[in-house]
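Here is model_39.cif, consisting of mmCIF, C-alpha atoms:
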```
data_structure
loop_
_atom_site.label_atom_id
_atom_site.label_comp_id
_atom_site.auth_asym_id
_atom_site.auth_seq_id
_atom_site.Cartn_x
_atom_site.Cartn_y
_atom_site.Cartn_z
CA MET S 1 -27.09 -15.32 7.20
CA THR S 2 -23.66 -14.61 8.66
CA GLY S 3 -23.05 -12.52 11.74
CA PRO S 4 -20.47 -9.76 12.14
CA GLY S 5 -17.97 -12.20 13.58
CA ASP S 6 -18.34 -14.77 10.79
CA ARG S 7 -15.82 -13.79 8.10
CA SER S 8 -15.98 -17.03 6.11
CA GLY S 9 -19.29 -16.24 4.45
CA ARG S 10 -18.20 -12.69 3.64
CA ASP S 11 -14.86 -13.88 2.23
CA GLU S 12 -16.60 -16.39 -0.03
CA ALA S 13 -19.04 -13.71 -1.17
CA ALA S 14 -16.17 -11.30 -1.85
CA GLU S 15 -14.32 -13.93 -3.86
CA GLY S 16 -17.46 -14.62 -5.92
CA ALA S 17 -18.19 -10.96 -6.49
CA TYR S 18 -14.57 -10.34 -7.47
CA ALA S 19 -14.59 -13.18 -9.99
CA ALA S 20 -17.94 -12.11 -11.42
CA SER S 21 -16.78 -8.51 -11.81
CA GLY S 22 -13.56 -9.45 -13.57
CA GLY S 23 -11.63 -7.27 -11.13
CA PHE S 24 -13.68 -4.15 -11.83
CA ARG S 25 -16.10 -2.18 -9.69
CA LYS S 26 -19.00 -0.23 -11.17
CA GLY S 27 -20.85 2.76 -9.77
CA ALA S 28 -20.29 4.39 -6.40
CA PHE S 29 -21.60 4.09 -2.84
CA GLY S 30 -23.44 0.83 -3.55
CA VAL S 31 -26.42 2.62 -5.10
CA SER S 32 -28.17 1.25 -8.18
CA GLY S 33 -31.50 1.80 -9.92
CA SER S 34 -32.11 5.10 -8.14
CA GLY S 35 -32.29 7.43 -11.13
CA ASP S 36 -28.81 8.73 -10.42
CA THR S 37 -28.16 12.08 -12.10
CA SER S 38 -24.71 12.72 -10.63
CA GLY S 39 -22.81 10.61 -13.14
CA PHE S 40 -21.08 8.62 -10.41
CA GLY S 41 -23.20 5.58 -11.25
CA GLY S 42 -21.28 5.27 -14.50
CA LEU S 43 -17.88 4.91 -12.86
CA VAL S 44 -15.88 1.80 -13.72
CA ARG S 45 -12.85 1.29 -11.50
CA VAL S 46 -10.29 -1.43 -10.88
CA GLU S 47 -11.04 -3.19 -7.62
CA PRO S 48 -8.71 -1.90 -4.88
CA GLY S 49 -7.57 -5.46 -4.26
CA GLY S 50 -7.19 -6.06 -7.97
CA ALA S 51 -4.06 -3.95 -8.18
CA VAL S 52 -2.50 -6.33 -5.66
CA ALA S 53 -3.78 -9.66 -6.87
CA LEU S 54 -4.15 -9.50 -10.63
CA HIS S 55 -1.03 -9.71 -12.74
CA SER S 56 2.55 -8.76 -13.50
CA THR S 57 3.22 -6.59 -16.53
CA GLU S 58 5.05 -8.37 -19.34
CA ARG S 59 8.25 -6.94 -20.75
CA PRO S 60 9.09 -4.71 -22.50
CA TYR S 61 7.72 -2.21 -19.99
CA GLY S 62 8.38 0.75 -22.28
CA GLY S 63 10.38 3.96 -22.02
CA TRP S 64 13.11 4.08 -19.38
CA PHE S 65 11.40 1.42 -17.24
CA ASP S 66 13.35 -1.35 -18.99
CA GLU S 67 16.62 0.57 -18.59
CA VAL S 68 16.09 0.89 -14.83
CA THR S 69 15.03 -2.75 -14.48
CA ASP S 70 18.08 -4.01 -16.37
CA ALA S 71 20.41 -1.77 -14.37
CA LEU S 72 18.88 -2.94 -11.07
CA SER S 73 19.18 -6.60 -12.09
CA GLU S 74 22.81 -6.06 -13.05
CA ALA S 75 23.59 -4.16 -9.84
CA VAL S 76 22.28 -6.85 -7.45
CA GLY S 77 22.77 -9.89 -9.68
CA GLU S 78 20.15 -11.80 -11.63
CA ALA S 79 19.64 -14.42 -8.92
CA THR S 80 19.06 -11.80 -6.21
CA TYR S 81 16.78 -9.77 -8.47
CA ALA S 82 14.68 -12.86 -9.27
CA ALA S 83 14.34 -13.67 -5.57
CA ALA S 84 13.72 -10.07 -4.50
CA VAL S 85 11.25 -8.78 -7.10
CA ARG S 86 8.09 -10.84 -7.01
CA ARG S 87 6.34 -8.94 -9.77
CA VAL S 88 6.36 -5.64 -11.62
CA LEU S 89 3.32 -3.56 -12.46
CA VAL S 90 3.26 -0.75 -15.00
CA ASP S 91 0.06 1.27 -14.78
CA ARG S 92 -0.85 4.85 -15.70
CA GLY S 93 2.71 5.68 -16.69
CA GLU S 94 4.19 4.50 -13.37
CA ILE S 95 6.21 1.42 -12.45
CA THR S 96 5.93 -0.50 -9.19
CA TYR S 97 8.28 -3.25 -8.02
CA PHE S 98 6.71 -5.64 -5.50
CA VAL S 99 9.62 -6.62 -3.27
CA ALA S 100 10.23 -9.39 -0.74
CA ARG S 101 11.03 -7.74 2.58
CA GLU S 102 14.17 -9.78 3.21
CA HIS S 103 15.76 -8.24 0.10
CA LEU S 104 14.50 -4.67 0.56
CA LEU S 105 17.75 -3.18 1.91
CA THR S 106 19.83 -4.82 -0.82
CA LEU S 107 17.63 -3.25 -3.47
CA VAL S 108 17.43 0.25 -2.02
CA ARG S 109 21.21 0.41 -1.56
CA ALA S 110 21.70 -0.51 -5.21
CA LEU S 111 19.01 1.95 -6.30
CA ARG S 112 20.72 4.76 -4.39
CA ASP S 113 24.37 3.99 -5.11
CA ASP S 114 24.58 2.49 -8.61
CA ASP S 115 25.71 5.06 -11.19
CA ALA S 116 23.08 3.88 -13.68
CA LEU S 117 20.25 4.25 -11.15
CA ARG S 118 21.00 7.12 -8.72
CA PHE S 119 17.68 7.18 -6.83
CA GLU S 120 19.05 9.55 -4.22
CA LEU S 121 15.80 10.51 -2.49
CA CYS S 122 13.09 8.53 -0.71
CA SER S 123 10.30 11.09 -0.89
CA SER S 124 7.58 9.05 0.81
CA VAL S 125 6.90 5.95 2.89
CA SER S 126 3.25 5.15 3.49
CA GLY S 127 0.96 2.27 4.36
CA VAL S 128 -2.12 0.61 2.84
CA ASP S 129 -4.50 -1.91 4.40
CA TYR S 130 -6.24 -4.08 1.80
CA LEU S 131 -8.56 -5.86 4.25
CA ASP S 132 -12.09 -6.09 2.76
CA SER S 133 -10.89 -4.19 -0.31
CA GLY S 134 -13.16 -6.00 -2.75
CA GLY S 135 -10.49 -8.32 -4.11
CA PRO S 136 -9.64 -11.86 -2.96
CA ALA S 137 -9.68 -12.27 0.80
CA ALA S 138 -6.53 -11.25 2.66
CA GLY S 139 -4.45 -14.16 3.93
CA PRO S 140 -0.91 -15.59 3.97
CA GLY S 141 -0.87 -15.66 0.17
CA ARG S 142 -2.23 -12.12 -0.08
CA PRO S 143 -0.91 -10.05 2.85
CA ARG S 144 -3.21 -7.16 3.72
CA LEU S 145 -0.64 -4.61 4.90
CA HIS S 146 1.50 -2.92 2.27
CA VAL S 147 4.36 -0.45 2.73
CA VAL S 148 4.87 1.82 -0.28
CA TYR S 149 8.14 3.64 -1.03
CA HIS S 150 8.45 6.43 -3.60
CA LEU S 151 12.02 6.86 -4.79
CA THR S 152 13.23 9.79 -6.88
CA SER S 153 16.31 10.10 -9.05
CA MET S 154 17.19 13.77 -9.18
CA THR S 155 20.07 12.93 -11.52
CA PHE S 156 17.86 11.31 -14.17
CA ARG S 157 14.52 12.92 -13.19
CA ARG S 158 12.80 9.58 -12.66
CA ARG S 159 10.43 8.18 -10.05
CA ILE S 160 9.71 4.56 -9.16
CA ARG S 161 7.67 2.83 -6.48
CA LEU S 162 8.59 -0.13 -4.30
CA GLU S 163 5.93 -2.06 -2.43
CA VAL S 164 6.41 -4.59 0.38
CA ALA S 165 3.51 -6.71 1.66
CA VAL S 166 3.27 -8.29 5.13
CA THR S 167 0.58 -9.96 7.18
CA ALA S 168 -1.06 -8.37 10.22
CA GLU S 169 0.25 -11.31 12.27
CA ASP S 170 3.88 -10.64 11.25
CA PRO S 171 4.04 -6.95 10.31
CA HIS S 172 7.83 -6.60 10.28
CA VAL S 173 9.78 -4.74 7.57
CA PRO S 174 13.44 -3.64 7.66
CA SER S 175 13.87 0.08 8.23
CA VAL S 176 15.44 1.94 5.29
CA THR S 177 16.60 4.86 7.48
CA SER S 178 20.23 3.69 7.20
CA VAL S 179 19.98 4.23 3.44
CA TYR S 180 17.42 7.05 3.30
CA PRO S 181 17.40 9.18 6.48
CA THR S 182 14.32 11.02 5.16
CA ALA S 183 12.31 7.87 5.86
CA ASP S 184 12.63 8.34 9.63
CA TRP S 185 9.37 10.14 10.43
CA HIS S 186 7.56 8.51 7.49
CA GLU S 187 8.20 5.07 8.99
CA ARG S 188 7.09 6.32 12.41
CA GLU S 189 3.78 7.51 10.96
CA THR S 190 3.25 4.22 9.09
CA TYR S 191 3.95 2.35 12.33
CA ASP S 192 1.57 4.62 14.25
CA MET S 193 -1.31 4.40 11.77
CA PHE S 194 -0.92 0.84 10.42
CA GLY S 195 1.12 -1.06 13.00
CA VAL S 196 3.96 -1.98 10.65
CA VAL S 197 7.12 -2.54 12.72
CA PHE S 198 10.27 -1.22 11.04
CA ASP S 199 13.13 -3.32 12.38
CA GLY S 200 16.31 -1.31 12.88
CA HIS S 201 14.61 2.08 13.10
CA PRO S 202 16.55 4.32 15.53
CA ALA S 203 13.48 5.45 17.51
CA LEU S 204 10.28 3.75 16.42
CA THR S 205 7.64 5.55 18.49
CA ARG S 206 4.23 6.99 17.70
CA ILE S 207 4.22 10.36 15.97
CA LEU S 208 0.52 11.31 15.78
CA MET S 209 -1.25 9.36 18.53
CA PRO S 210 -0.32 9.36 22.26
CA ASP S 211 2.29 6.77 23.24
CA ASP S 212 -0.26 4.76 25.23
CA TRP S 213 -2.86 4.69 22.42
CA ASP S 214 -4.42 1.28 21.79
CA GLY S 215 -4.50 0.14 18.16
CA HIS S 216 -3.62 1.63 14.78
CA PRO S 217 -6.31 3.98 13.45
CA GLN S 218 -5.88 3.48 9.68
CA ARG S 219 -6.24 -0.28 9.75
CA LYS S 220 -9.53 -1.28 8.17
CA ASP S 221 -10.64 -3.23 11.26
CA TYR S 222 -10.06 -0.30 13.61
CA PRO S 223 -13.42 0.77 15.12
CA LEU S 224 -14.75 4.07 13.80
CA GLY S 225 -16.55 5.05 16.98
CA GLY S 226 -18.34 8.40 17.16
CA VAL S 227 -21.46 9.82 18.83
CA PRO S 228 -24.94 10.49 17.43
CA VAL S 229 -25.53 14.11 16.37
CA GLU S 230 -28.89 15.91 16.29
CA TYR S 231 -29.36 18.62 13.66
CA HIS S 232 -32.63 20.41 12.83
CA GLY S 233 -34.65 17.59 14.30
CA ALA S 234 -32.75 14.87 12.44
CA THR S 235 -30.37 12.42 14.09
CA ILE S 236 -27.15 11.43 12.37
CA PRO S 237 -25.88 8.08 13.69
CA PRO S 238 -22.23 7.41 14.54
CA PRO S 239 -20.11 6.22 11.58
CA ASP S 240 -19.82 2.66 12.85
CA THR S 241 -23.62 2.22 12.82
CA ARG S 242 -24.23 3.58 9.30
CA ARG S 243 -24.53 1.44 6.21
CA ALA S 244 -21.27 0.11 4.73
CA TYR S 245 -20.33 1.89 1.53
CA ARG S 246 -18.97 -0.22 -1.30
#
```
Mind turning this structure into structure tokens?
Amino acid sequence: MTGPGDRSGRDEAAEGAYAASGGFRKGAFGVSGSGDTSGFGGLVRVEPGGAVALHSTERPYGGWFDEVTDALSEAVGEATYAAAVRRVLVDRGEITYFVAREHLLTLVRALRDDDALRFELCSSVSGVDYLDSGGPAAGPGRPRLHVVYHLTSMTFRRRIRLEVAVTAEDPHVPSVTSVYPTADWHERETYDMFGVVFDGHPALTRILMPDDWDGHPQRKDYPLGGVPVEYHGATIPPPDTRRAYR
């Protein structure tokens, strides 16, 4: 049996479970064989880590996705596009470009300025931590921290997503505030909650937590804490002592 500090056994178990499930998760809350009448036991979902680790969508992507991809490749050059875009995922009518961080600013400038693209607005910058997500274990080949950008073309009424992945040991991403000023406070919140450092940001400080706060609360390894609560004779334990939901 492995202890809380021994991740190797859990990582191997997660890899085995991921392979056995084919990248899908069934049911909810880890409950099985309980006579579930809620219907949640019949859920079949893609593993959270599966969206990161599975595949790249083959072309043609369909609709205007190919038009945007061709225009972006032409705007930055085929060699730069090949180096910058590591894979493309089309899912549920949305397209996501997984981008190498060193090419992020080149891409967003082209997406904003090229007449065939015209993604004038960055409507959202957010973070995701895929640690213990159910997919393959996070590591150098599968960075756990992702920064997600939603870009909108008001000219063509289109939306795309960019995603940049970094490790917790080197959580640096170029700031896009020089291209999209609306990203200013979004990047501050992503830094505050996930610890992603946006190089070149004009004032990268916390926006929700106090300046002297220790840690980043939305990272998966951040302690939940809490206090026990008594209610009608029953005791509800703190979140970090309850069972782990799957």
As a check of understanding, name the residues that the PyMOL selection byres ((chain S and resi 204) around 10) selects in the supplied structure, as a PDB file with C-alpha atoms, in the frame of the given file.
```pdb
ATOM      1  CA  SER S 175      13.870   0.080   8.230  1.00  0.00           C
ATOM      2  CA  ASP S 184      12.630   8.340   9.630  1.00  0.00           C
ATOM      3  CA  TRP S 185       9.370  10.140  10.430  1.00  0.00           C
ATOM      4  CA  GLU S 187       8.200   5.070   8.990  1.00  0.00           C
ATOM      5  CA  ARG S 188       7.090   6.320  12.410  1.00  0.00           C
ATOM      6  CA  GLU S 189       3.780   7.510  10.960  1.00  0.00           C
ATOM      7  CA  TYR S 191       3.950   2.350  12.330  1.00  0.00           C
ATOM      8  CA  ASP S 192       1.570   4.620  14.250  1.00  0.00           C
ATOM      9  CA  VAL S 197       7.120  -2.540  12.720  1.00  0.00           C
ATOM     10  CA  PHE S 198      10.270  -1.220  11.040  1.00  0.00           C
ATOM     11  CA  ASP S 199      13.130  -3.320  12.380  1.00  0.00           C
ATOM     12  CA  GLY S 200      16.310  -1.310  12.880  1.00  0.00           C
ATOM     13  CA  HIS S 201      14.610   2.080  13.100  1.00  0.00           C
ATOM     14  CA  PRO S 202      16.550   4.320  15.530  1.00  0.00           C
ATOM     15  CA  ALA S 203      13.480   5.450  17.510  1.00  0.00           C
ATOM     16  CA  THR S 205       7.640   5.550  18.490  1.00  0.00           C
ATOM     17  CA  ARG S 206       4.230   6.990  17.700  1.00  0.00           C
ATOM     18  CA  ILE S 207       4.220  10.360  15.970  1.00  0.00           C
TER      19      ILE S 207
END
```
- prompt: Quick one: which residues end up in the PyMOL selection byres ((chain S and resi 78-90) around 8) for this structure, as an MDAnalysis selection string?
  reply: chainID S and resid 55:57 61 72:74 76:77 91:104 107
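Proximity ranking of S:Asp129, S:Ala71, S:Arg59, S:Arg144 relative to Asp113 in chain S places S:Ala71 first, based on all atoms listed in the file.
When all atoms listed in the file are used to measure the gap to Arg219 in chain S, the shortest distance among S:Ile236, S:Val176, S:Val196, S:Leu151 belongs to S:Val196.
Restricting the calculation to only C-alpha atoms, the smallest distance between Phe194 in chain S and any of S:Asp211, S:Asp221, S:Glu163, S:Asp240 is found for S:Asp221.
Nearest residue to Lys220 in chain S, choosing from S:Phe119, S:Tyr130, S:Tyr149, S:Tyr180 and counting only C-alpha atoms: S:Tyr130.
The space between CA of Thr182 in chain S and CA of Leu145 in chain S spans 21.6 Å.
Between CA of Gly63 in chain S and CA of Arg118 in chain S lies a distance of 17.3 Å.
Between CA of Pro174 in chain S and CA of Pro223 in chain S the separation is 28.2 Å.
Look at Thr152 in chain S: the protein and nucleic acid residues within 7 Å of it, using all atoms listed in the file and passing over chain neighbours fewer than 5 places away, are Phe119, Glu120, Leu121, Cys122, Ser123, Arg158, Arg159 and Ile160 of chain S.
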message: Taking 3 positions as the minimum chain separation for residues in the same chain, which residues sit within 9 Å of Val227 in chain S when counting only C-alpha atoms? Answer as a list in words.
response: Ile236, Pro237, Pro238 and Pro239 of chain S
- prompt: If we count all atoms listed in the file, what is near His146 in chain S at a cut-off of 7 Å, once residues fewer than 6 positions away on the same chain are taken out, given as a list in words?
  reply: Gly127, Val128, Asp129, Glu163, Val164, Ala165 and Val166 of chain S
